[in-house]
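Let me begin by presenting the structure, written as structure tokens, before commenting on it.
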Amino acid sequence: MEFSYETISVRGVPIKRVKSVSVLADGTALTYTSRCAIMDSLFNSDPLGELTICVPESVINSFATVIAIDINSSLT
């Protein structure tokens, strides 16, 4: 069975602290966008939001595609 998808979404992520997103198996960097509620972005220095990660077909593993999200431990 083959899986095919263009993007995945991850919710509840501290979006301002995301450093990078990559494929765990080989370190391939993945592009992503983030979003959160406008009020959170204006009044919260560390808002939780949603990441939309682009997953090209070339990195999809037939058993399991594992994505790593590198997050800073604090805002800098």
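Chain lettering (A, B, ...) mirrors the order of the structure tokens, residue numbering begins at 1 for each chain separately, and ligand numbering begins at 1 in order of display.
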Original post:
Quick one: residues within 7 Å of Gly12 of chain A, only C-alpha atoms counted, chain neighbours fewer than 5 positions away excluded, as a list in words?
Top reply: Leu48, Gly49 and Glu50 of chain A
Would you put the residues from that selection into a file with N, CA and C atoms, as an mmCIF file, in the first residue's frame?
```cif
data_model
loop_
_atom_site.group_PDB
_atom_site.id
_atom_site.type_symbol
_atom_site.label_atom_id
_atom_site.label_comp_id
_atom_site.auth_asym_id
_atom_site.auth_seq_id
_atom_site.Cartn_x
_atom_site.Cartn_y
_atom_site.Cartn_z
ATOM 1 N N LEU A 48 0.466 29.132 20.634
ATOM 2 C CA LEU A 48 0.347 27.805 20.051
ATOM 3 C C LEU A 48 -0.417 27.953 18.736
ATOM 4 N N GLY A 49 -0.023 27.176 17.762
ATOM 5 C CA GLY A 49 -0.675 27.264 16.471
ATOM 6 C C GLY A 49 -0.532 25.979 15.688
ATOM 7 N N GLU A 50 -0.649 26.105 14.381
ATOM 8 C CA GLU A 50 -0.635 24.953 13.486
ATOM 9 C C GLU A 50 0.500 25.078 12.479
#
```
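Counting only C-alpha atoms, the residue from A:Leu75, A:Tyr5, A:Ile69, A:Leu42 that sits nearest to Ser20 of chain A is A:Ile69.
Counting only C-alpha atoms, the residue from A:Val59, A:Val10, A:Ile53, A:Ala37 that sits nearest to Val23 of chain A is A:Val59.
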Original post:
How would you write, as number ranges by chain, the set of residues in chain A that DSSP gives as strand (DSSP E or B)?
Top reply: A: 7-14, 18-23, 29, 32-35, 48-54, 67-71
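DSSP secondary structure from the backbone places Ile15, Lys16, Arg17, Ile38, Met39, Asp40, Ser41, Leu42 and Phe43 of chain A of segment 15-56 of chain A in helix (DSSP H, G or I).
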With N, CA and C atoms retained, write the just-selected residues as a CSV table (one decimal), in the first residue's frame.
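Generated file (again-v5.csv):
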```csv
chain,number,residue,atom,x,y,z
A,15,ILE,N,4.6,28.0,17.7
A,15,ILE,CA,5.0,28.3,16.4
A,15,ILE,C,6.2,29.2,16.3
A,16,LYS,N,6.3,30.1,17.3
A,16,LYS,CA,7.5,31.1,17.2
A,16,LYS,C,8.8,30.4,17.6
A,17,ARG,N,8.7,29.2,18.2
A,17,ARG,CA,10.0,28.5,18.6
A,17,ARG,C,10.4,27.4,17.7
A,38,ILE,N,-5.3,35.4,15.3
A,38,ILE,CA,-4.7,36.7,15.2
A,38,ILE,C,-4.5,37.3,16.6
A,39,MET,N,-5.5,37.1,17.5
A,39,MET,CA,-5.3,37.6,18.9
A,39,MET,C,-4.1,37.0,19.6
A,40,ASP,N,-3.9,35.7,19.4
A,40,ASP,CA,-2.7,35.1,20.0
A,40,ASP,C,-1.4,35.7,19.4
A,41,SER,N,-1.4,35.9,18.1
A,41,SER,CA,-0.2,36.4,17.6
A,41,SER,C,0.1,37.9,18.0
A,42,LEU,N,-0.9,38.6,18.4
A,42,LEU,CA,-0.8,40.0,18.8
A,42,LEU,C,-0.4,40.1,20.3
A,43,PHE,N,-1.1,39.3,21.1
A,43,PHE,CA,-1.0,39.5,22.6
A,43,PHE,C,-0.3,38.3,23.3
```
